[in-house]
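In what follows, a structure is listed as structure tokens, so that the remarks can point back to it.
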There are 2 protein chains.
Amino acid sequence: MNTTNTSTALFVRMILTAWHLQNTRVDELLDKLTDEQLMQETAPGRNTGIYLLGHSAAVNDGLFKLLGLGERLHPELDEIFLDNPDKSGKVFPSIEAIKKYWSEINTALAVYFNNMQPDAWFEKHTAISEEDFLKEPHRNRLNVMITRTVHQGYHLGQMNYLLNK
Amino acid sequence: MNTTNTSTALFVRMILTAWHLQNTRVDELLDKLTDEQLMQETAPGRNTGIYLLGHSAAVNDGLFKLLGLGERLHPELDEIFLDNPDKSGKVFPSIEAIKKYWSEINTALAVYFNNMQPDAWFEKHTAISEEDFLKEPHRNRLNVMITRTVHQGYHLGQMNYLLNK
């Protein structure tokens with residue numbers, strides 16, 4: 001393995017470690033929360049825990065397409081948790097189902113990620129044109145993982161407000 | 001510039017772009033909030049906006065030492081915003097002062113970052129031993145920036161609750 005490959009693998013490992021850590025922290029929070037707590041608003045008038053969990057699951061599910069890995073597991077989540085706000089009147093899946101989707105999606109993503117070569121992360125994602133990618137090579141698959149990791153952290157900060165003070 | 005340098009520069013750019021974006025989002029939020037809003041709790045019984053801003057400033061100020069860049073600008077923030085919780089009874093600097101520190105610290109960090117060579121980001125930070133770093137080379141300066149970017153996103157998710165619904 002030459003120096004380029006070594007540093008590429010290292011960099012990929014840094015980002016994926018951060019990504020998995022955020023998901024693990026959500027899992028740990030879910031272990032602590034009752035269903036009643038998860039149904040609560042994270043702050044008065046703000047998103048409920050269950051909406052933010054469904055939203056997080058939908059965003060992660062979107063990675064299958066955005067990274068060009070394969071078909072999504074739960075595209076039906078988008079209408080409820082991405083295209084519409086909380087309390088839209090849309091019928092949510094059960095808490096049990098949303099937790100299951102969250103877990104299934106992350107497990108399936110991890111299988112893809114474990115099989116990807118480090119260089120594949122520096123290829124373009126599916127939401128950027130070849131032309132733009134030539135000009136902006138940082139808009140690669142791995143960059144998506146950086147923004148998604150921060151996004152998960154953002155909502156985790158809110159979901160942690162569901163815990164008893 | 002060889003391939004290694006090119007990809008290293010690209011990694012660094014990806015992370016620093018994410019870092020600056022989080023700071024910019026805090027700045028944009030501060031532009032929207034009144035002093036009264038910033039003094040409020042982000043949710044009932046939770047940290048106030050001003051505490052989280054002081055906390056963010058203290059964490060960023062800690063980077064001067066952690067990355068081995070130089071002396072901190074405001075080490076006095078730690079006692080109030082890192083070592084003690086909100087409502088500890090510690091006297092806070094004024095809102096104006098905390099905003100100024102936040103801005104000064106980020107500006108000074110950006111100057112250092114702009115002058116750093118990409119490879120320097122893959123050197124060890126000051127909180128890890130040479131021995132551990134040999135075994136865990138991902139625990140470098142750039143990795144600190146990943147965790148700090150996610151940390152800022154985490155608190156930004158909470159601080160955004162200060163905005164009017």
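Letters for chains follow the order of the structure tokens (A, B, ...), residue numbers begin at 1 for each chain, and ligand numbers begin at 1 in the order shown.
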Using only C-alpha atoms, find each residue in chain A having at least one atom no more than 6 Å away from chain B; report its shortest atom-to-atom pair and that distance in Å (one decimal), rows by chain then rising number, as JSON lines.
```
{"residue": "A:Thr4", "atom": "CA", "partner": "B:Thr4", "partner_atom": "CA", "distance": 4.8}
{"residue": "A:Ala43", "atom": "CA", "partner": "B:Ala43", "partner_atom": "CA", "distance": 5.2}
{"residue": "A:Val150", "atom": "CA", "partner": "B:Val150", "partner_atom": "CA", "distance": 4.7}
{"residue": "A:Gly153", "atom": "CA", "partner": "B:Tyr154", "partner_atom": "CA", "distance": 4.7}
{"residue": "A:Tyr154", "atom": "CA", "partner": "B:Tyr154", "partner_atom": "CA", "distance": 4.1}
{"residue": "A:Gly157", "atom": "CA", "partner": "B:Tyr154", "partner_atom": "CA", "distance": 4.6}
{"residue": "A:Gln158", "atom": "CA", "partner": "B:Gln158", "partner_atom": "CA", "distance": 5.6}
```
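Interatomic distance, CA of Gln37 (chain B) to CA of Glu96 (chain B): 13.8 Å.
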Within 7 Å of region 74-89 of chain B: each region 10-60 of chain B residue with its shortest pair, only C-alpha atoms, as a tab-separated table:
```
residue	atom	partner	partner_atom	distance
B:Asn47	CA	B:Asp86	CA	6.0
B:Tyr51	CA	B:Asp86	CA	6.0
B:Gly54	CA	B:Phe81	CA	5.8
B:His55	CA	B:Phe81	CA	4.7
B:Ala58	CA	B:Leu77	CA	5.5
```
A:Ala57, A:Ala108, A:Met145, A:Ile95 ranked by distance to Glu36 (chain A), top pick (using only C-alpha atoms): A:Ile95
Expected answer as a ChimeraX atom specification: helix (DSSP H, G or I) residues in chain A: /A:3-32,35-39,49-61,63-66,77-81,95-115,118-122,130-135,141-162
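CA of Arg141 (chain A) is found 5.9 Å from CA of Leu67 (chain A).
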